[in-house]
Amino acid sequence: MSLLEIENITLRFGGLVAVDNVSLTVNEGEVFALVGPNGAGKSTIFNLISRFYDPAEGRIRFDGNDLLARTADQVPSFGIARTFQNIELFEQATVLQNLLVGRHRHRKTGMLSNIIFSPKAYSEELRHRAAVEEVIEFLNLQPYRDKYIGGLPYGVRKVVELGRALASEPKLLLLDEPASGLSVEETQDMAFWIEDIQTQMGVSVMMVEHDMGLVSAVSNRVMALSDGKELATGTAAEVQSHPAVIEAYLGTSEISKTGTSRT
Amino acid sequence: MRFVFKTSYDADIQLFKHRAQAVWYGLLLLLVLATPLYFAAIGDAYLLGEITGVLILAIAGMGLMLLTGHTGLPSLGHATFMALGCYLNINFLGAGVPWLIAFPLSGLIAGALGTMIALPVLRLHGVYLALATLAMSMLTSDFVVMAEPWTGGIAGAAVPDINIFGVEVNRYSTPYKFYYLVLFVAILLVWFYRNLLRTPTGRSFTAVRDSEISARAMGINLTRTKAMSFFLSATAAGLAGALFGHSAGYVTNETFDLVMSITLLLMIVIGGLGFIHGAFFGAIVVGIIPVAIANGRSFLATTFDVNINVPGLESALFAFILICFILFEPMGLYGRWLKIRTYFELFPFYRKDMFKRQKSYLKTDRVQ
Amino acid sequence: MDFLQLIISGLANGCVYGLIALGFVLIYKATEAVNFAQGDFMMLGAFVCIGFTNHEYMGLDFWVAVPLSILVMGVFGYLFNWGILRHMFGQSQTSIVILTIAMGFIIRFFAGFFWSHEPTSLETPFAGQDIRSGGLVLGIDEVMIVVVTAILTLLFYLFFSRSRIGLAMQAASQNQLAAYYMGIPVKRIHSLVWGLSGMVAAVAGILFASKGAIDPSTGLLGIKAFAAAAIGGFGSLPGALLGGLIIGLVEPLASRYGPPGVSQIAPYAILLLILIFRPGGIFSQTQRKKV
């Protein structure tokens, strides 16, 4: 069963073709990774799914809905949650409050009942808190629960961002470089969590990642991109041994390309 | 040092973190309730009138705090919404509408009108909102003059007395009743404000303030959220304006000027942006400074025979204090209080950088 | 003829608005800070020059006083950034807006303290002289304003396209971090930009005070300059000047042909209308920046 379907999508910034006629599907319950050198268009595809960018051509369908007919703030209501490459948390709020914002799509009460704190708002609030506490438990965030984001170390922020996405109980989780900047131990934790998210929670994961170790460990399928074009799709091993991918990374024709990727 | 053991979700939702805090706020409530008794005993209610004025400022300040402190949108025109609320109230009362209906209605209409004006600009960057509200503030006086049939124009308009089921409330003849009325409104609004902050609506405001991109990715509609915040904010300002009218007794086209808008802004920055307490701390400071200046002036005049009577000294002093706060204590008086409290709670383990925020390169709203 | 004179005097006013807007846009482009005290900078510049020139103060020669006051305001702008704004690095734009507004109040107070709140004019050598040609009477001060603004515009153009500092300023305005990595001292450049806009403000103030009287509250005129900058879309220097000219022309025309009271409201109304309907400015270039 395919959850996310992207068909022949193209995005141009002026003369630059950032994403060039890419098609992909993410199936229910799988971990799908996008790899490729910097500037290959991986994060751009995420921003297209999030509706931050409008594609020039192509279609994006999620769970039977046409995403291109929706705005960015409507996308999460279908069950898509994401993290950002450079961490976009609510800095002047606590970890708990950040996770609670993740619950925004599940709110059922409006401004008025919130202001008077109606019994309905109260019982809803209890439900939100219960859901968030589960995420805190799952990600071992208890020590940081009431800490402000501004004072947290980088690794913890990454986990909080993952937690905020999880708190929205998504069907599809978009992780933009979940392991970048993390230590070896932290990366291992991340790998376990991604596996648990997939197997226990039944959430599909789509991720952009440079760390091929993590990619091979957790992903079912991998797509390699370069210059906005698809190079190869398959298992991690298949993609890594694909001649076009090797060329893009090691640059048999152009030496300058070697420096563009971190693995 | 206190450890709070959280055993149920209520621990995070409740208004007070622990029993001691509830006790302190209970004592504070008793104090403000008992204040008029003191003034009744000494038989001079002048100072009580000043305190009532501070409460009215705090109500307007809470409105602006919600917008600027919690949603991150600057407004340089909140005096305009106060004017709207004040004149609407006068006209409703003049038309025979009972105060209990006229008062909330003027606030709500002021809020709605304010949102309608601001809505087109809310889509843009905060600076544009600052500019638009500044322009609005400059126009207020002209519009009041132009709408003379309703506002009395330059000559001004007298504000009718409050009448609640036959009970007359007037600032001068019944200062105690007026104080309790304003206090009730202030406490009610604090309660609303607290409720907002512990529920999804308030959290979406702070989300918009901290990261618009993230907020959108979490399913928050930016324009609608900003409009909601603006509506609530302008409504509070409108209510404060109506009360201000009752307190002043007489309003002209120059009552709600730019200086008042700026004073409100100054209040919340000095008090502490992003804290409800900040609105009250700021209002107290703004209430005290003119008195302090007047006392200082008469002190200089009597002891050193120096007469300082420079126009604009008050606003310049305000501005100077404001700059000092922004530079040295961006968290305001309430932030300073938090730091002192934490220092004693954690003694001797307080670290200087506990409240420090990371400085980053200029963060423009861009998509990664 | 009457109409033509109206136009000329409108243009002269517009040049002053345009120059204030120019300083405002200069800072906004380079540092992304919005200087709500730009109008007060202008007023201060005028009073500094009055302090040097007018006989009840120092009574210096006009042609000595002018460069001197421009220099003083340049230093003032530089020091304002160096001493205060620089420390705001990383704080929200709202704080910067509030800070500059507060600065405006302080400048207004000191101007009133040192030079009184009475409207004062600058004593210029060419005060009251006219140029007459074929029934048209033009104040030399008005012609002067237009000429000086034109020269200044040309100088700015050359400065930004030719000089090293000008190019560095452009680079720093487009991408702070990249400019920093390229070895451009971004913070010093910011201070220099503030100095530059202080100088422009001084020129605007001198021109304004030579044409009419100025008092400390004239600084609020800055809001009309914001309207001018908004017309130009905040990002463009020529746009700011043109916006100033438009505002300058609208005012006298509205007071002549419109109902009473409209001329006062017109600039602010234009600002609101533009923010509502064409937030990118009439000459809108790019809507979104840095995506």
# chains A, B, ... in the order shown; residues from 1 in each chain; ligands from 1
>>> residues_around(residues="Asp66 in chain A", least_positions_apart="4", cutoff="12 Å", atoms="only C-alpha atoms", output="CSV table (one decimal) with C-alpha atoms, in the first residue's frame")
chain,number,residue,atom,x,y,z
A,3,LEU,CA,1.1,6.1,1.4
A,4,LEU,CA,2.9,9.0,-0.3
A,5,GLU,CA,3.1,9.2,-4.1
A,6,ILE,CA,5.2,11.8,-5.8
A,7,GLU,CA,4.8,11.9,-9.6
A,49,ILE,CA,5.8,17.8,0.6
A,51,ARG,CA,4.1,22.8,0.8
A,58,GLY,CA,4.0,17.1,-11.0
A,59,ARG,CA,1.7,15.7,-8.4
A,60,ILE,CA,1.9,14.9,-4.7
A,61,ARG,CA,-0.7,12.6,-3.3
A,62,PHE,CA,-0.8,11.4,0.3
A,70,ARG,CA,-3.6,22.3,0.3
A,71,THR,CA,-1.6,24.9,2.1
A,74,GLN,CA,-3.1,22.0,6.3
A,75,VAL,CA,-0.5,19.3,5.5
A,78,PHE,CA,-3.4,14.4,7.1
>>> residues_around(residues="Phe126 in chain C", least_positions_apart="5", cutoff="9 Å", atoms="only C-alpha atoms", output="list in words")
Ile140, Asp141 and Ser210 of chain C
>>> closest_residue(among="B:Pro160, B:Gly238, B:Pro120, B:Gly287", to="chain C", atoms="only C-alpha atoms")
B:Pro120
>>> residues_around(residues="range 126-131 of chain B", least_positions_apart="3", cutoff="7 Å", atoms="only C-alpha atoms", output="PyMOL selection string")
chain B and resi 73-76+121-122+134-135
>>> closest_atom_pairs(of="chain A", to="chain C", cutoff="12 Å", atoms="only C-alpha atoms", output="CSV")
residue,atom,partner,partner_atom,distance
A:Phe13,CA,C:Val291,CA,10.1
A:Thr44,CA,C:Val291,CA,11.8
A:Asn47,CA,C:Val291,CA,11.7
A:Phe52,CA,C:Val291,CA,10.2
A:Tyr53,CA,C:Val291,CA,9.9
>>> closest_atom_pairs(of="chain C", to="chain B", cutoff="8 Å", atoms="only C-alpha atoms", output="Markdown table")
| residue | atom | partner | partner_atom | distance |
| --- | --- | --- | --- | --- |
| C:Val34 | CA | B:Val127 | CA | 7.5 |
| C:Ile84 | CA | B:Leu327 | CA | 7.6 |
| C:His87 | CA | B:Leu327 | CA | 7.0 |
| C:Met88 | CA | B:Leu327 | CA | 6.9 |
| C:Phe89 | CA | B:Lys359 | CA | 7.3 |
| C:Gly90 | CA | B:Lys359 | CA | 4.9 |
| C:Gln91 | CA | B:Lys359 | CA | 7.5 |
| C:Gln93 | CA | B:Val127 | CA | 7.7 |
| C:Thr94 | CA | B:Pro74 | CA | 6.0 |
| C:Ser95 | CA | B:Ile326 | CA | 6.9 |
| C:Val97 | CA | B:Val127 | CA | 7.8 |
| C:Ile98 | CA | B:Leu265 | CA | 7.7 |
| C:Leu99 | CA | B:Ile323 | CA | 5.8 |
| C:Ala102 | CA | B:Ala319 | CA | 4.5 |
| C:Met103 | CA | B:Ala319 | CA | 6.8 |
| C:Phe105 | CA | B:Ala316 | CA | 5.5 |
| C:Ile106 | CA | B:Ala316 | CA | 4.7 |
| C:Arg108 | CA | B:Gly312 | CA | 7.8 |
| C:Phe109 | CA | B:Gly312 | CA | 5.5 |
| C:Gly112 | CA | B:Pro311 | CA | 7.8 |
| C:Phe113 | CA | B:Val310 | CA | 6.8 |
| C:Leu177 | CA | B:Tyr361 | CA | 7.6 |
| C:Ile223 | CA | B:Ala135 | CA | 7.1 |
| C:Phe226 | CA | B:Leu131 | CA | 7.6 |
| C:Gly261 | CA | B:Asp142 | CA | 7.9 |
| C:Ile265 | CA | B:Leu139 | CA | 6.6 |
| C:Tyr268 | CA | B:Ala135 | CA | 5.4 |
| C:Ala269 | CA | B:Ala135 | CA | 7.8 |
| C:Leu271 | CA | B:Ala135 | CA | 7.3 |
| C:Leu272 | CA | B:Ala132 | CA | 5.8 |
| C:Leu275 | CA | B:Val121 | CA | 6.4 |
| C:Ile276 | CA | B:Pro120 | CA | 5.2 |
| C:Phe277 | CA | B:Pro120 | CA | 7.8 |
| C:Pro279 | CA | B:Leu124 | CA | 7.7 |
| C:Lys289 | CA | B:Arg366 | CA | 7.9 |
| C:Lys290 | CA | B:Arg366 | CA | 6.2 |
| C:Val291 | CA | B:Arg366 | CA | 4.9 |
>>> select_by_dssp(residues="range 185-233 of chain A", states="strand (DSSP E or B)", output="VMD selection string")
chain A and resid 204 to 208 221 to 226 229 to 233
>>> write_last_selection(atoms="C-alpha atoms", output="tab-separated table (two decimals), in the first residue's frame")
chain	number	residue	atom	x	y	z
A	204	SER	CA	6.23	5.27	7.93
A	205	VAL	CA	9.45	7.24	7.88
A	206	MET	CA	11.03	9.20	5.09
A	207	MET	CA	14.45	10.60	5.86
A	208	VAL	CA	17.28	12.58	4.38
A	221	ARG	CA	14.54	1.43	0.44
A	222	VAL	CA	16.93	4.17	-0.55
A	223	MET	CA	16.83	6.70	-3.35
A	224	ALA	CA	20.00	8.45	-4.45
A	225	LEU	CA	19.70	11.92	-5.94
A	226	SER	CA	22.16	14.20	-7.64
A	229	LYS	CA	17.68	13.96	-10.60
A	230	GLU	CA	17.06	10.41	-9.46
A	231	LEU	CA	20.18	8.25	-9.81
A	232	ALA	CA	19.03	4.96	-8.39
A	233	THR	CA	16.46	3.40	-6.07
>>> closest_atom_pairs(of="chain B", to="chain A", cutoff="9 Å", atoms="only C-alpha atoms", output="CSV")
residue,atom,partner,partner_atom,distance
B:Tyr9,CA,A:Leu126,CA,6.3
B:Asp10,CA,A:Leu126,CA,7.6
B:Asp12,CA,A:Arg129,CA,8.6
B:Ile13,CA,A:Glu125,CA,8.0
B:Trp191,CA,A:Ile116,CA,8.1
B:Phe192,CA,A:Ile115,CA,5.0
B:Tyr193,CA,A:Ile115,CA,7.0
B:Arg194,CA,A:Ile115,CA,8.2
B:Asn195,CA,A:Ile115,CA,5.3
B:Leu196,CA,A:Ile115,CA,5.1
B:Leu197,CA,A:Ile115,CA,8.8
B:Arg198,CA,A:Asn114,CA,8.4
B:Thr199,CA,A:Asn114,CA,6.0
B:Pro200,CA,A:His104,CA,6.5
B:Thr201,CA,A:Met111,CA,6.0
B:Gly202,CA,A:Asn114,CA,8.5
B:Arg203,CA,A:Val101,CA,6.3
B:Ser204,CA,A:Val101,CA,6.7
B:Thr206,CA,A:Phe90,CA,7.7
B:Ala207,CA,A:Phe90,CA,6.0
B:Val208,CA,A:Phe90,CA,8.6
B:Arg209,CA,A:Phe90,CA,8.2
B:Asp210,CA,A:Phe90,CA,4.9
B:Ser211,CA,A:Phe90,CA,6.0
B:Ile213,CA,A:Glu88,CA,7.6
B:Ser214,CA,A:Glu88,CA,5.9
B:Ala215,CA,A:Asp73,CA,8.0
B:Arg216,CA,A:Asp73,CA,4.7
B:Ala217,CA,A:Asp73,CA,6.1
B:Met218,CA,A:Gly102,CA,5.8
B:Gly219,CA,A:Asp73,CA,4.1
B:Ile220,CA,A:Asp73,CA,5.4
B:Asn221,CA,A:Asp73,CA,5.4
B:Leu222,CA,A:Asp73,CA,8.0
B:Met228,CA,A:Met111,CA,8.2
B:Met354,CA,A:Gly151,CA,7.8
B:Phe355,CA,A:Gly151,CA,8.0
B:Lys356,CA,A:Gly151,CA,7.5
B:Arg357,CA,A:Gly150,CA,5.6
B:Gln358,CA,A:Gly150,CA,6.3
B:Val367,CA,A:Phe52,CA,7.4
B:Gln368,CA,A:Gln85,CA,7.1
>>> atom_distance(atom1="CA of Leu68 in chain A", atom2="CA of Asn8 in chain A")
13.2 Å
>>> residues_around(residues="Ala248 in chain B", least_positions_apart="5", cutoff="12 Å", atoms="only C-alpha atoms", output="VMD selection string")
chain B and resid 49 to 50 52 to 53 56 86 156 to 161 170 to 172 240 to 243 255 to 256
>>> write_last_selection(atoms="C-alpha atoms", output="CSV table (one decimal), in the first residue's frame")
chain,number,residue,atom,x,y,z
B,49,GLY,CA,-7.5,56.5,42.4
B,50,GLU,CA,-3.9,56.3,41.3
B,52,THR,CA,-7.0,52.1,40.1
B,53,GLY,CA,-5.3,53.9,37.3
B,56,ILE,CA,-6.4,50.1,34.1
B,86,CYS,CA,-13.7,54.5,25.2
B,156,GLY,CA,-14.1,66.6,24.2
B,157,ALA,CA,-16.8,64.4,25.6
B,158,ALA,CA,-17.9,63.7,29.2
B,159,VAL,CA,-18.0,60.1,30.2
B,160,PRO,CA,-21.3,59.0,31.8
B,161,ASP,CA,-21.3,57.3,35.1
B,170,ASN,CA,-18.1,57.0,39.8
B,171,ARG,CA,-14.4,57.5,40.2
B,172,TYR,CA,-14.7,60.5,42.5
B,240,ALA,CA,-9.1,49.3,29.3
B,241,GLY,CA,-10.0,52.3,27.2
B,242,ALA,CA,-13.6,52.3,28.4
B,243,LEU,CA,-12.4,52.1,32.0
B,255,THR,CA,-6.2,61.8,25.3
B,256,PHE,CA,-5.2,58.7,23.4
>>> residues_around(residues="Asp20 in chain A", least_positions_apart="6", cutoff="7 Å", atoms="only C-alpha atoms", output="list in words")
Ile9, Thr10, Leu11, Gly228 and Lys229 of chain A
>>> select_by_dssp(residues="range 112-234 of chain B", states="alpha helix (DSSP H)", output="PyMOL selection string")
chain B and resi 112-122+126-146+148-151+175-197+200-210+212-217+222-234
>>> residues_around(residues="Ala236 in chain B", least_positions_apart="4", cutoff="8 Å", atoms="only C-alpha atoms", output="list in words")
Ile59, Ala60, Met62, Gly63, Gly107, Gly111, Leu232 and Ala240 of chain B
>>> write_last_selection(atoms="all heavy atoms", output="PDB file, in the first residue's frame")
ATOM      1  N   ILE B  59      -4.408  46.418  32.563  1.00  0.00           N
ATOM      2  CA  ILE B  59      -5.346  45.711  31.681  1.00  0.00           C
ATOM      3  C   ILE B  59      -4.959  45.936  30.227  1.00  0.00           C
ATOM      4  O   ILE B  59      -4.859  44.997  29.432  1.00  0.00           O
ATOM      5  CB  ILE B  59      -6.790  46.175  31.948  1.00  0.00           C
ATOM      6  CG1 ILE B  59      -7.234  45.722  33.338  1.00  0.00           C
ATOM      7  CG2 ILE B  59      -7.739  45.624  30.882  1.00  0.00           C
ATOM      8  CD1 ILE B  59      -8.571  46.291  33.752  1.00  0.00           C
ATOM      9  N   ALA B  60      -4.701  47.215  29.883  1.00  0.00           N
ATOM     10  CA  ALA B  60      -4.253  47.508  28.520  1.00  0.00           C
ATOM     11  C   ALA B  60      -2.923  46.823  28.255  1.00  0.00           C
ATOM     12  O   ALA B  60      -2.687  46.291  27.166  1.00  0.00           O
ATOM     13  CB  ALA B  60      -4.126  49.011  28.322  1.00  0.00           C
ATOM     14  N   MET B  62      -1.822  44.050  29.544  1.00  0.00           N
ATOM     15  CA  MET B  62      -2.025  42.624  29.290  1.00  0.00           C
ATOM     16  C   MET B  62      -2.409  42.393  27.830  1.00  0.00           C
ATOM     17  O   MET B  62      -1.980  41.427  27.203  1.00  0.00           O
ATOM     18  CB  MET B  62      -3.111  42.073  30.211  1.00  0.00           C
ATOM     19  CG  MET B  62      -2.601  41.652  31.563  1.00  0.00           C
ATOM     20  SD  MET B  62      -3.813  40.641  32.411  1.00  0.00           S
ATOM     21  CE  MET B  62      -4.961  41.876  32.981  1.00  0.00           C
ATOM     22  N   GLY B  63      -3.245  43.295  27.327  1.00  0.00           N
ATOM     23  CA  GLY B  63      -3.633  43.181  25.921  1.00  0.00           C
ATOM     24  C   GLY B  63      -2.416  43.235  25.017  1.00  0.00           C
ATOM     25  O   GLY B  63      -2.228  42.383  24.147  1.00  0.00           O
ATOM     26  N   GLY B 107     -15.564  46.695  24.090  1.00  0.00           N
ATOM     27  CA  GLY B 107     -14.294  45.998  23.962  1.00  0.00           C
ATOM     28  C   GLY B 107     -14.279  45.090  22.750  1.00  0.00           C
ATOM     29  O   GLY B 107     -13.346  45.121  21.945  1.00  0.00           O
ATOM     30  N   GLY B 111     -12.053  45.328  19.398  1.00  0.00           N
ATOM     31  CA  GLY B 111     -11.221  44.211  18.964  1.00  0.00           C
ATOM     32  C   GLY B 111     -11.483  43.840  17.520  1.00  0.00           C
ATOM     33  O   GLY B 111     -10.556  43.655  16.730  1.00  0.00           O
ATOM     34  N   LEU B 232      -7.952  39.486  20.475  1.00  0.00           N
ATOM     35  CA  LEU B 232      -7.983  39.442  21.946  1.00  0.00           C
ATOM     36  C   LEU B 232      -7.246  40.639  22.529  1.00  0.00           C
ATOM     37  O   LEU B 232      -7.698  41.272  23.487  1.00  0.00           O
ATOM     38  CB  LEU B 232      -7.353  38.143  22.445  1.00  0.00           C
ATOM     39  CG  LEU B 232      -8.114  36.880  22.066  1.00  0.00           C
ATOM     40  CD1 LEU B 232      -7.337  35.646  22.481  1.00  0.00           C
ATOM     41  CD2 LEU B 232      -9.491  36.885  22.721  1.00  0.00           C
ATOM     42  N   ALA B 240      -9.864  48.391  28.473  1.00  0.00           N
ATOM     43  CA  ALA B 240      -9.066  49.309  29.282  1.00  0.00           C
ATOM     44  C   ALA B 240      -9.406  50.755  28.928  1.00  0.00           C
ATOM     45  O   ALA B 240      -9.499  51.619  29.806  1.00  0.00           O
ATOM     46  CB  ALA B 240      -7.576  49.050  29.063  1.00  0.00           C
TER      47      ALA B 240
END
